[in-house]
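Beneath this line is the structure, given in structure tokens, with notes to follow.
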Amino acid sequence: MLRRFIFTFSIVASIIIIFSVIVTQKREERRALETRQKELARKVDYLRKKNEELKKENKALVNDPIQIEREARDNYGYTKEGEVTYKKYKFNISEPESDGAEKLTESSRLESFLFEGDFPWQVPLGLILIATLFLLLSYKYER
């Protein structure tokens, strides 16, 4: 009876561990793909906006002689006869990006440890082991 129980338990525990490892790997792959998809979507949005800006700028450069003159003066240093030019410095000042990191609460840290860690099967496996020890001890003292 005890051998049959241990044999059955070892098979069930092995199946649970193998299944959990496979599920964990697939979940991590899915998360990586979702993160990549979000990054690419943000990049596409940024490039679309940039493309629209460049189209407007191109249209202005082609059709507007005042804009052409301004670009020639600013970027290439062209001047009219008798003009004195002064060098302008362009400073690109921008706000630092916020990382948007949320502080984890104690309960969310516990949940992430139990169910979202590298080994989310550790809790069910631990419960199975505790139950097995309890059954083995109760079987031993039942005789």
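Chain identifiers are assigned as A, B, and so on, following the order in which chains appear in the structure tokens; residues are numbered from 1 within each chain, and ligands are numbered from 1 in order of appearance.
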
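For A:Ile16, the set of protein, DNA and RNA residues having any atom at most 9 Å away, when counting only C-alpha atoms and skipping those fewer than 5 positions along the same chain, is Ile11, Val21, Trp121, Pro124 and Leu125 of chain A.
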
Would you put the residues from that selection into a file with C-alpha atoms, as a PDB file, in the first residue's frame?
ATOM      1  CA  ILE A  11       4.233  10.217 -10.888  1.00  0.00           C
ATOM      2  CA  VAL A  21       7.957  24.282 -16.181  1.00  0.00           C
ATOM      3  CA  TRP A 121       4.785  25.960  -9.275  1.00  0.00           C
ATOM      4  CA  PRO A 124       1.524  23.990  -5.216  1.00  0.00           C
ATOM      5  CA  LEU A 125       4.496  21.657  -5.056  1.00  0.00           C
TER       6      LEU A 125
END

query: Using the chain letters and numbers from this document, which residues of stretch 40-96 of chain A does DSSP assign to helix (DSSP H, G or I), as a ChimeraX atom specification?
result: /A:40-63,65-76
